[in-house]
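So this one's start_27.txt, compact mmCIF, C-alpha atoms and all ligand atoms:
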# COMPACT_ATOMS: atom_id res chain seq x y z
CA MET A 135 -55.64 162.95 -18.55
CA ARG A 136 -54.81 165.69 -21.02
CA THR A 137 -58.26 166.65 -22.25
CA GLU A 138 -57.78 170.18 -23.51
CA LEU A 139 -57.95 170.46 -27.27
CA PRO A 140 -56.39 173.63 -28.60
CA SER A 141 -58.30 174.99 -31.58
CA GLU A 142 -55.28 174.20 -33.83
CA HIS A 143 -55.69 170.52 -32.91
CA ILE A 144 -59.35 170.60 -33.84
CA ALA A 145 -58.60 172.39 -37.11
CA ALA A 146 -55.81 169.93 -37.97
CA TYR A 147 -58.04 166.98 -37.10
CA ARG A 148 -60.77 168.20 -39.41
CA GLU A 149 -58.28 168.85 -42.21
CA ASN A 150 -56.23 165.67 -41.86
CA GLY A 151 -58.69 163.25 -40.26
CA PHE A 152 -56.45 162.45 -37.30
CA THR A 153 -54.58 164.06 -34.43
CA ILE A 154 -52.08 162.82 -31.86
CA ILE A 155 -52.20 163.86 -28.20
CA GLU A 156 -48.82 163.35 -26.54
CA GLU A 157 -48.83 162.38 -22.86
CA PHE A 158 -52.58 161.90 -22.90
CA LEU A 159 -52.47 159.73 -19.77
CA THR A 160 -50.56 160.42 -16.58
CA PRO A 161 -48.16 157.63 -15.55
CA GLU A 162 -50.70 156.47 -12.94
CA GLU A 163 -53.51 156.42 -15.49
CA LEU A 164 -51.30 154.51 -17.93
CA ASP A 165 -50.70 151.86 -15.24
CA GLU A 166 -54.46 151.52 -14.79
CA TRP A 167 -55.15 151.22 -18.55
CA ARG A 168 -52.39 148.61 -18.93
CA GLU A 169 -53.50 146.57 -15.96
CA ALA A 170 -57.19 146.72 -16.85
CA VAL A 171 -56.50 145.64 -20.43
CA ASP A 172 -54.06 142.89 -19.49
CA GLU A 173 -56.43 141.59 -16.84
CA THR A 174 -59.34 141.19 -19.28
CA VAL A 175 -57.27 139.92 -22.22
CA THR A 176 -55.71 137.33 -19.88
CA LYS A 177 -59.07 136.37 -18.38
CA ARG A 178 -60.43 135.77 -21.87
CA GLY A 179 -57.45 133.55 -22.66
CA HIS A 180 -56.36 135.75 -25.54
CA TYR A 181 -52.72 135.83 -24.49
CA ARG A 182 -51.04 132.53 -25.31
CA PRO A 183 -47.43 131.52 -24.90
CA PRO A 184 -45.41 131.75 -28.12
CA THR A 185 -44.73 128.00 -28.07
CA GLU A 186 -48.48 127.30 -28.10
CA ARG A 187 -49.10 129.80 -30.88
CA ALA A 188 -46.31 128.37 -32.99
CA GLY A 189 -47.99 124.95 -33.13
CA GLU A 190 -51.40 126.09 -34.33
CA ASP A 191 -52.71 127.13 -37.72
CA ALA A 192 -50.46 129.98 -38.73
CA GLY A 193 -53.28 131.92 -40.41
CA TYR A 194 -52.30 135.39 -41.56
CA TYR A 195 -55.01 137.21 -39.61
CA THR A 196 -54.35 135.54 -36.30
CA ARG A 197 -50.89 136.99 -36.71
CA VAL A 198 -52.03 140.58 -37.32
CA PHE A 199 -52.95 141.12 -33.70
CA ILE A 200 -54.73 139.76 -30.69
CA GLN A 201 -58.17 141.38 -30.93
CA SER A 202 -60.28 141.56 -27.81
CA LEU A 203 -63.66 143.14 -28.45
CA ASN A 204 -66.11 144.99 -26.22
CA MET A 205 -64.24 144.39 -23.03
CA TRP A 206 -66.26 147.18 -21.38
CA GLN A 207 -69.23 144.81 -21.27
CA GLU A 208 -67.48 142.50 -18.83
CA SER A 209 -64.98 144.70 -17.03
CA ASP A 210 -66.04 147.65 -14.89
CA ARG A 211 -62.45 148.86 -15.00
CA ILE A 212 -62.50 149.05 -18.81
CA LYS A 213 -65.99 150.53 -18.72
CA ARG A 214 -64.75 153.41 -16.57
CA LEU A 215 -61.98 154.06 -19.09
CA VAL A 216 -63.76 153.91 -22.44
CA LEU A 217 -67.03 155.45 -21.23
CA ASP A 218 -65.18 158.40 -19.71
CA PRO A 219 -67.26 161.46 -20.64
CA ARG A 220 -64.07 163.50 -20.97
CA ILE A 221 -63.07 161.29 -23.92
CA GLY A 222 -66.61 161.55 -25.24
CA LYS A 223 -66.40 165.32 -25.14
CA MET A 224 -63.08 165.30 -26.98
CA CYS A 225 -64.67 163.15 -29.71
CA CYS A 226 -67.61 165.54 -29.96
CA ASP A 227 -65.38 168.60 -30.09
CA LEU A 228 -63.16 167.06 -32.77
CA GLU A 229 -66.12 166.02 -34.89
CA GLY A 230 -68.28 169.07 -34.16
CA ILE A 231 -71.20 166.97 -32.89
CA ASP A 232 -73.36 167.06 -29.76
CA GLY A 233 -73.38 163.49 -28.48
CA ILE A 234 -71.55 160.21 -28.85
CA ARG A 235 -72.02 156.53 -28.01
CA VAL A 236 -69.74 153.54 -27.88
CA TRP A 237 -69.67 151.46 -31.04
CA HIS A 238 -67.10 149.00 -29.77
CA ASP A 239 -63.88 148.95 -27.85
CA GLN A 240 -61.02 146.73 -28.83
CA ALA A 241 -57.60 145.87 -27.49
CA LEU A 242 -55.28 145.51 -30.47
CA ILE A 243 -52.10 143.80 -29.45
CA LYS A 244 -49.49 143.11 -32.07
CA GLU A 245 -47.47 140.19 -30.85
CA PRO A 246 -43.76 139.91 -31.54
CA TRP A 247 -43.30 139.57 -35.30
CA GLY A 248 -46.99 140.28 -35.92
CA ASN A 249 -48.16 140.97 -39.47
CA GLN A 250 -49.08 144.43 -40.73
CA THR A 251 -52.56 145.95 -40.59
CA SER A 252 -53.26 146.78 -44.24
CA ILE A 253 -54.56 150.22 -45.14
CA HIS A 254 -58.31 150.35 -44.56
CA LEU A 255 -61.34 152.43 -43.58
CA ASP A 256 -63.27 151.63 -40.40
CA ASN A 257 -66.80 152.92 -40.79
CA PRO A 258 -67.77 150.92 -43.92
CA TYR A 259 -67.60 147.75 -41.77
CA TRP A 260 -69.92 149.03 -39.10
CA SER A 261 -73.70 148.84 -38.71
CA PHE A 262 -74.18 152.61 -39.07
CA SER A 263 -72.85 155.00 -41.69
CA SER A 264 -71.57 158.37 -40.55
CA ARG A 265 -68.95 160.86 -41.62
CA HIS A 266 -68.50 161.63 -37.90
CA ALA A 267 -67.52 158.23 -36.52
CA ILE A 268 -64.27 158.57 -34.56
CA SER A 269 -61.86 156.25 -32.77
CA ILE A 270 -59.38 156.73 -29.99
CA TRP A 271 -56.21 154.61 -30.06
CA VAL A 272 -54.23 154.65 -26.83
CA ALA A 273 -50.62 153.43 -26.89
CA LEU A 274 -49.98 151.12 -23.93
CA ASP A 275 -46.37 150.56 -25.01
CA ASP A 276 -43.96 152.86 -26.77
CA VAL A 277 -45.11 152.49 -30.35
CA THR A 278 -42.51 152.92 -33.05
CA VAL A 279 -42.05 152.50 -36.78
CA GLU A 280 -40.26 149.24 -35.87
CA ASN A 281 -43.04 147.66 -33.82
CA GLY A 282 -46.07 148.67 -35.87
CA CYS A 283 -47.18 152.26 -35.31
CA LEU A 284 -50.23 153.54 -37.15
CA HIS A 285 -49.82 155.28 -40.51
CA PHE A 286 -52.44 157.78 -41.67
CA LEU A 287 -53.29 159.02 -45.18
CA PRO A 288 -54.18 162.62 -44.38
CA GLY A 289 -57.32 164.08 -45.89
CA THR A 290 -58.65 160.81 -47.30
CA HIS A 291 -61.70 161.04 -45.01
CA LYS A 292 -62.93 163.90 -47.17
CA THR A 293 -63.24 161.85 -50.34
CA ALA A 294 -63.94 158.42 -48.84
CA THR A 295 -67.27 156.79 -49.58
CA TRP A 296 -68.66 153.60 -48.08
CA ASP A 297 -67.12 151.53 -50.87
CA ASN A 298 -65.07 149.03 -48.99
CA VAL A 299 -62.38 146.53 -49.57
CA GLY A 300 -61.80 144.11 -46.73
CA ILE A 301 -58.59 144.32 -44.71
CA GLY A 302 -56.64 141.91 -46.88
CA GLN A 303 -53.09 140.69 -46.88
CA ASN A 304 -52.03 143.25 -49.46
CA MET A 305 -51.11 146.57 -47.91
CA GLY A 306 -52.27 148.60 -50.91
CA GLU A 307 -55.45 146.74 -51.87
CA ILE A 308 -57.54 149.80 -51.04
CA PHE A 309 -55.97 151.69 -53.94
CA THR A 310 -57.91 149.47 -56.35
CA VAL A 311 -61.03 151.31 -55.09
CA TYR A 312 -59.42 154.71 -54.47
CA PRO A 313 -56.56 154.93 -57.01
CA GLU A 314 -56.13 158.66 -56.36
CA TRP A 315 -55.07 157.95 -52.76
CA ALA A 316 -51.97 156.09 -53.90
CA GLU A 317 -50.38 159.54 -54.39
CA VAL A 318 -51.06 160.65 -50.81
CA GLU A 319 -48.00 160.87 -48.56
CA SER A 320 -48.63 158.76 -45.48
CA VAL A 321 -47.84 160.04 -41.99
CA PRO A 322 -46.50 157.62 -39.38
CA GLY A 323 -47.75 158.06 -35.81
CA PRO A 324 -45.05 156.86 -33.43
CA MET A 325 -46.08 157.52 -29.84
CA ARG A 326 -44.79 157.15 -26.33
CA ALA A 327 -46.82 154.88 -24.09
CA GLY A 328 -49.73 156.88 -22.68
CA SER A 329 -50.13 159.05 -25.77
CA CYS A 330 -53.13 158.59 -28.02
CA SER A 331 -54.48 159.39 -31.43
CA PHE A 332 -57.97 160.08 -32.66
CA HIS A 333 -58.91 159.20 -36.22
CA ASN A 334 -62.03 159.63 -38.29
CA GLY A 335 -63.91 156.47 -39.29
CA LEU A 336 -63.48 157.22 -42.99
CA LEU A 337 -59.76 157.99 -42.84
CA ALA A 338 -57.46 155.55 -44.64
CA HIS A 339 -54.98 154.13 -42.14
CA GLY A 340 -52.99 151.03 -41.36
CA ALA A 341 -50.05 149.85 -39.30
CA GLY A 342 -46.70 148.30 -40.05
CA ALA A 343 -45.61 144.83 -39.04
CA ASN A 344 -44.11 144.32 -35.63
CA MET A 345 -40.47 143.74 -36.50
CA THR A 346 -39.46 143.39 -32.85
CA ASN A 347 -39.51 140.67 -30.22
CA GLY A 348 -41.79 142.71 -27.92
CA TYR A 349 -45.52 143.36 -27.73
CA ARG A 350 -47.19 146.45 -29.20
CA ARG A 351 -50.26 146.92 -27.06
CA ALA A 352 -52.99 149.43 -27.91
CA MET A 353 -56.42 150.01 -26.41
CA THR A 354 -58.94 151.50 -28.78
CA CYS A 355 -62.56 152.51 -28.79
CA ALA A 356 -64.72 153.36 -31.77
CA TYR A 357 -67.47 155.88 -31.10
CA MET A 358 -70.75 156.45 -32.93
CA PRO A 359 -72.50 159.82 -33.14
CA ASP A 360 -75.68 159.85 -31.05
CA GLY A 361 -78.69 159.45 -33.33
CA SER A 362 -76.93 157.14 -35.82
CA THR A 363 -79.21 154.61 -37.46
CA PHE A 364 -78.92 150.92 -38.39
CA ASN A 365 -77.70 150.49 -41.98
CA GLY A 366 -78.49 146.78 -42.29
CA GLN A 367 -74.93 145.53 -41.78
CA ARG A 368 -74.40 142.90 -39.15
CA ASN A 369 -70.80 143.65 -38.12
CA ILE A 370 -70.58 142.86 -34.40
CA LEU A 371 -74.32 142.75 -33.67
CA LYS A 372 -75.80 139.47 -32.48
CA ASP A 373 -78.71 137.57 -34.08
CA GLU A 374 -81.18 138.68 -31.44
CA GLN A 375 -80.17 142.31 -31.88
CA ILE A 376 -80.44 142.10 -35.66
CA ALA A 377 -83.86 140.47 -35.29
CA ARG A 378 -85.14 143.50 -33.36
CA LEU A 379 -83.73 146.11 -35.75
CA GLU A 380 -85.05 147.58 -38.97
CA VAL A 381 -82.89 149.61 -41.29
CA GLY A 382 -83.25 153.23 -40.18
CA ASP A 383 -83.78 152.48 -36.48
CA VAL A 384 -81.74 154.62 -34.11
CA LEU A 385 -79.02 152.58 -32.37
CA ARG A 386 -79.42 153.44 -28.71
CA ASP A 387 -79.49 150.22 -26.70
CA PRO A 388 -77.54 151.17 -23.56
CA ALA A 389 -76.30 147.58 -23.18
CA GLN A 390 -74.68 147.77 -26.61
CA ASN A 391 -74.20 151.44 -27.45
CA PRO A 392 -74.13 153.42 -24.19
CA LEU A 393 -74.14 157.18 -24.35
CA VAL A 394 -70.71 158.53 -23.37
CA TYR A 395 -71.30 162.23 -23.84
CA PRO A 396 -73.28 164.07 -22.75
CA ALA A 397 -73.26 161.70 -19.78
CA ALA A 398 -77.00 161.38 -19.36
CA SER A 399 -79.37 158.61 -18.44
CA ASN A 400 -79.09 156.89 -21.86
O1 LIG B 1 -53.66 148.89 -34.27
C1 LIG B 1 -53.68 148.61 -35.45
O2 LIG B 1 -52.78 147.94 -36.00
C2 LIG B 1 -54.81 149.07 -36.32
C3 LIG B 1 -55.75 149.97 -35.59
C4 LIG B 1 -56.93 150.38 -36.38
O3 LIG B 1 -57.08 150.08 -37.53
C5 LIG B 1 -57.97 151.18 -35.72
O4 LIG B 1 -57.85 151.47 -34.51
O5 LIG B 1 -58.94 151.56 -36.38
FE FE B 2 -58.87 150.84 -38.32
What would the structure in this file look like if it were written as structure tokens?
Ligand SMILES: O=C(O)CCC(=O)C(=O)O
Ligand SMILES: [Fe+2]
Amino acid sequence: MRTELPSEHIAAYRENGFTIIEEFLTPEELDEWREAVDETVTKRGHYRPPTERAGEDAGYYTRVFIQSLNMWQESDRIKRLVLDPRIGKMCCDLEGIDGIRVWHDQALIKEPWGNQTSIHLDNPYWSFSSRHAISIWVALDDVTVENGCLHFLPGTHKTATWDNVGIGQNMGEIFTVYPEWAEVESVPGPMRAGSCSFHNGLLAHGAGANMTNGYRRAMTCAYMPDGSTFNGQRNILKDEQIARLEVGDVLRDPAQNPLVYPAASN
């Protein structure tokens, strides 16, 4: 795993809100990430044959990607990957913070001919509000402009607020809230399998449609700065968790938001 972060990378990340690390995983590590993700997505029944998919409700969102959430909670293999303190340290160094926890992991698999991921912000959906939320996005396949690579709107994390528009079917819906961003030149992030990107939780980003007959598999994890507090939004929290939380409580349940770095006792 390529964990060193030259200071230019850190500076560019803070300026642009994202950075790409080529050849992040070794070929052996890439095999493990692919197998661990495929194993859990298959076990959950999230992969379905195209013939089966074709017959069901062709809702737009089910055709954006297969989304498999918080796989670390049921797979020790995935847990080892997304709770790797080396990744946690990279997140902390990029964001200039001392500690980080998991918010949620997610496999995001664009199926052949999958719809686009419209431009959006991540953190306004989540149950904590922080300018230092950060996600890793690991390419498990070669990701190209043709099969739906990410596109970033550099610098938008600096002016983003928590005003949100849902991820709708219109690529540019977010510009109704942030009209000034419509002028920003987007940067595509094609990557070889095993490379990764990090992006800030308030950076505007999206992905193109998958215009190919192959899968575009990515494994992602969103991380939350240690000490973040509940903002009252449900997002992925369950009823019993919401019932125990008051707005302002620190989110530190190790079964939901384990500490990744520094790797301590939670
Ligand atoms: O993979 C995609 O299409 C979108 C990914 C994304 O929005 C994210 O990782 O925050
Ligand atoms: Fe996102």
Residue neighbourhood region 374-391 of chain A, 10 Å, only C-alpha atoms, exclusion window fewer than 5 positions, as a PDB file with C-alpha atoms, keeping the file's coordinate frame:
ATOM      1  CA  ASN A 204     -66.110 144.990 -26.220  1.00  0.00           C
ATOM      2  CA  TRP A 206     -66.260 147.180 -21.380  1.00  0.00           C
ATOM      3  CA  GLN A 207     -69.230 144.810 -21.270  1.00  0.00           C
ATOM      4  CA  ILE A 234     -71.550 160.210 -28.850  1.00  0.00           C
ATOM      5  CA  ARG A 235     -72.020 156.530 -28.010  1.00  0.00           C
ATOM      6  CA  VAL A 236     -69.740 153.540 -27.880  1.00  0.00           C
ATOM      7  CA  TRP A 237     -69.670 151.460 -31.040  1.00  0.00           C
ATOM      8  CA  HIS A 238     -67.100 149.000 -29.770  1.00  0.00           C
ATOM      9  CA  SER A 261     -73.700 148.840 -38.710  1.00  0.00           C
ATOM     10  CA  PHE A 262     -74.180 152.610 -39.070  1.00  0.00           C
ATOM     11  CA  TYR A 357     -67.470 155.880 -31.100  1.00  0.00           C
ATOM     12  CA  MET A 358     -70.750 156.450 -32.930  1.00  0.00           C
ATOM     13  CA  PRO A 359     -72.500 159.820 -33.140  1.00  0.00           C
ATOM     14  CA  ASP A 360     -75.680 159.850 -31.050  1.00  0.00           C
ATOM     15  CA  GLY A 361     -78.690 159.450 -33.330  1.00  0.00           C
ATOM     16  CA  SER A 362     -76.930 157.140 -35.820  1.00  0.00           C
ATOM     17  CA  THR A 363     -79.210 154.610 -37.460  1.00  0.00           C
ATOM     18  CA  PHE A 364     -78.920 150.920 -38.390  1.00  0.00           C
ATOM     19  CA  ASN A 365     -77.700 150.490 -41.980  1.00  0.00           C
ATOM     20  CA  GLY A 366     -78.490 146.780 -42.290  1.00  0.00           C
ATOM     21  CA  GLN A 367     -74.930 145.530 -41.780  1.00  0.00           C
ATOM     22  CA  ARG A 368     -74.400 142.900 -39.150  1.00  0.00           C
ATOM     23  CA  SER A 399     -79.370 158.610 -18.440  1.00  0.00           C
ATOM     24  CA  ASN A 400     -79.090 156.890 -21.860  1.00  0.00           C
TER      25      ASN A 400
END
- Query: Which residues come within 12 Å of Arg136 (chain A), counting all atoms listed in the file, excluding same-chain residues fewer than 6 positions away, as a list in words?
  - Reply: Ile154, Ile155, Glu156, Glu157, Phe158, Leu159, Thr160, Pro161, Glu163, Arg220, Ile221, Met224, Gly328, Ser329 and Cys330 of chain A
- Task: Grab me every residue within 7 Å of ligand LIG 1 (chain B), counting all atoms listed in the file, and send it over as a list in words.
- Result: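 Taking all atoms listed in the file into account, the residues around ligand LIG 1 (chain B) at most 7 Å away are Leu242, Gln250, Thr251, Asp256, Ser269, Trp271, Gly282, Leu284, His339, Gly340, Ala341, Ala352 and Thr354 of chain A.
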- Taking all atoms listed in the file into account, which of A:Ile212, A:Ile144, A:Ile231, A:Leu164 comes nearest Tyr395 (chain A)?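 Using all atoms listed in the file, the shortest distance to Tyr395 (chain A) belongs to A:Ile231.
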- Message: Under the rule that only C-alpha atoms are counted, which of A:Gly222, A:Tyr194, A:His143, A:Arg182 is the nearest residue to Pro396 (chain A)?
- Response: A:Gly222
- Message: Excluding Glu173 (chain A) and its own-chain neighbours fewer than 3 positions away, which residues fall within 12 Å of it when counting all atoms listed in the file? Please give them as an NGL selection string.
- Response: :A and (165-170 or 176-181 or 202 or 205 or 208-212 or 241)
Write a file of the selected residues as a tab-separated table (two decimals), in the frame of the given file, keeping C-alpha atoms.
chain	number	residue	atom	x	y	z
A	165	ASP	CA	-50.70	151.86	-15.24
A	166	GLU	CA	-54.46	151.52	-14.79
A	167	TRP	CA	-55.15	151.22	-18.55
A	168	ARG	CA	-52.39	148.61	-18.93
A	169	GLU	CA	-53.50	146.57	-15.96
A	170	ALA	CA	-57.19	146.72	-16.85
A	176	THR	CA	-55.71	137.33	-19.88
A	177	LYS	CA	-59.07	136.37	-18.38
A	178	ARG	CA	-60.43	135.77	-21.87
A	179	GLY	CA	-57.45	133.55	-22.66
A	180	HIS	CA	-56.36	135.75	-25.54
A	181	TYR	CA	-52.72	135.83	-24.49
A	202	SER	CA	-60.28	141.56	-27.81
A	205	MET	CA	-64.24	144.39	-23.03
A	208	GLU	CA	-67.48	142.50	-18.83
A	209	SER	CA	-64.98	144.70	-17.03
A	210	ASP	CA	-66.04	147.65	-14.89
A	211	ARG	CA	-62.45	148.86	-15.00
A	212	ILE	CA	-62.50	149.05	-18.81
A	241	ALA	CA	-57.60	145.87	-27.49
- Find the residues near Met345 (chain A): any atom within 9 Å, counting all atoms listed in the file, skip ones fewer than 6 places away on the same chain, and give them as an NGL selection string. :A and (246-249 or 279-282)
Filtering to C-alpha atoms, could you give me those residues as a tab-separated table (two decimals), in the coordinates of the input?
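And here's out33.tsv as it stands now:
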chain	number	residue	atom	x	y	z
A	246	PRO	CA	-43.76	139.91	-31.54
A	247	TRP	CA	-43.30	139.57	-35.30
A	248	GLY	CA	-46.99	140.28	-35.92
A	249	ASN	CA	-48.16	140.97	-39.47
A	279	VAL	CA	-42.05	152.50	-36.78
A	280	GLU	CA	-40.26	149.24	-35.87
A	281	ASN	CA	-43.04	147.66	-33.82
A	282	GLY	CA	-46.07	148.67	-35.87
- Query: When distances are computed from only C-alpha atoms, which of A:Phe332, A:Asp232, A:Glu162, A:Asp239 shows the smallest separation from Val216 (chain A)?
  - Reply: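 That would be A:Asp239, the residue with the smallest distance to Val216 (chain A).
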- Quick one: of A:Pro392, A:Gly342, A:Pro140, A:Pro324, who's nearest to Lys244 (chain A), counting all atoms listed in the file? A:Gly342
- Item | Selection: 10 Å around Ala294 (chain A), only C-alpha atoms, excl. self and same-chain fewer than 5 positions, as a list in words |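 Listed by chain and then number, they are Leu255, Pro258, Arg265, Gly289, Val311, Tyr312, Trp315, Gly335, Leu336, Leu337 and Ala338 of chain A.
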For those residues, write C-alpha atoms to a file as a PDB file, in the frame of the given file.
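Written file, part_37.pdb:
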ATOM      1  CA  LEU A 255     -61.340 152.430 -43.580  1.00  0.00           C
ATOM      2  CA  PRO A 258     -67.770 150.920 -43.920  1.00  0.00           C
ATOM      3  CA  ARG A 265     -68.950 160.860 -41.620  1.00  0.00           C
ATOM      4  CA  GLY A 289     -57.320 164.080 -45.890  1.00  0.00           C
ATOM      5  CA  VAL A 311     -61.030 151.310 -55.090  1.00  0.00           C
ATOM      6  CA  TYR A 312     -59.420 154.710 -54.470  1.00  0.00           C
ATOM      7  CA  TRP A 315     -55.070 157.950 -52.760  1.00  0.00           C
ATOM      8  CA  GLY A 335     -63.910 156.470 -39.290  1.00  0.00           C
ATOM      9  CA  LEU A 336     -63.480 157.220 -42.990  1.00  0.00           C
ATOM     10  CA  LEU A 337     -59.760 157.990 -42.840  1.00  0.00           C
ATOM     11  CA  ALA A 338     -57.460 155.550 -44.640  1.00  0.00           C
TER      12      ALA A 338
END
- Task: To one decimal in Å, tell me the separation between CA of Gln240 (chain A) and CA of Gly348 (chain A).
- Result: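 Atom-to-atom, CA of Gln240 (chain A) to CA of Gly348 (chain A), that is 19.7 Å.
Separating CA of Ala343 (chain A) from CA of Val175 (chain A) is a distance of 21.0 Å.
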- For Asn298 (chain A), which residue among A:Ile253, A:Met325, A:Cys225, A:Cys283 is the nearest when counting all atoms listed in the file?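 Checking each of A:Ile253, A:Met325, A:Cys225, A:Cys283 against Asn298 (chain A), counting all atoms listed in the file, the winner is A:Ile253.
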- Enter the distance from CA of Val299 (chain A) to CA of Trp260 (chain A), in Å, rounded to one decimal.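 That distance, rounded to one decimal, is 13.1 Å.
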- Go through A:Lys292, A:His254, A:Arg326, A:Arg351 and flag the residue nearest ligand FE 2 (chain B), using all atoms listed in the file for the distances.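 Nearest candidate to ligand FE 2 (chain B) out of A:Lys292, A:His254, A:Arg326, A:Arg351: A:His254.
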Edge lengths and centre in Å to one decimal, as AutoDock Vina command-line options, is what I'm after for the box along x, y and z that holds all listed atoms of region 332-335 of chain A once 4 Å is added on each side.
--center_x -60.9 --center_y 158.3 --center_z -36.0 --size_x 13.9 --size_y 11.6 --size_z 14.6
Can you take the partial region 199-211 of chain A, add N, CA and C atoms, and return it as a compact mmCIF listing (two decimals), in the coordinates of the input?
# COMPACT_ATOMS: atom_id res chain seq x y z
N PHE A 199 -52.96 140.74 -35.12
CA PHE A 199 -52.95 141.12 -33.70
C PHE A 199 -53.90 140.25 -32.90
N ILE A 200 -53.72 140.29 -31.59
CA ILE A 200 -54.73 139.76 -30.69
C ILE A 200 -55.81 140.84 -30.65
N GLN A 201 -57.06 140.43 -30.88
CA GLN A 201 -58.17 141.38 -30.93
C GLN A 201 -59.14 141.00 -29.82
N SER A 202 -59.37 141.87 -28.90
CA SER A 202 -60.28 141.56 -27.81
C SER A 202 -61.37 142.62 -27.80
N LEU A 203 -62.58 142.21 -28.11
CA LEU A 203 -63.66 143.14 -28.45
C LEU A 203 -64.62 143.38 -27.29
N ASN A 204 -65.08 144.61 -27.20
CA ASN A 204 -66.11 144.99 -26.22
C ASN A 204 -65.83 144.48 -24.81
N MET A 205 -64.65 144.77 -24.38
CA MET A 205 -64.24 144.39 -23.03
C MET A 205 -65.01 145.19 -21.97
N TRP A 206 -65.52 146.36 -22.36
CA TRP A 206 -66.26 147.18 -21.38
C TRP A 206 -67.49 146.44 -20.86
N GLN A 207 -68.00 145.50 -21.68
CA GLN A 207 -69.23 144.81 -21.27
C GLN A 207 -68.98 143.82 -20.13
N GLU A 208 -67.72 143.44 -19.93
CA GLU A 208 -67.48 142.50 -18.83
C GLU A 208 -66.49 143.01 -17.80
N SER A 209 -65.93 144.18 -18.01
CA SER A 209 -64.98 144.70 -17.03
C SER A 209 -65.37 146.12 -16.64
N ASP A 210 -65.69 146.30 -15.36
CA ASP A 210 -66.04 147.65 -14.89
C ASP A 210 -64.85 148.59 -14.99
N ARG A 211 -63.65 148.01 -14.88
CA ARG A 211 -62.45 148.86 -15.00
C ARG A 211 -62.36 149.44 -16.41
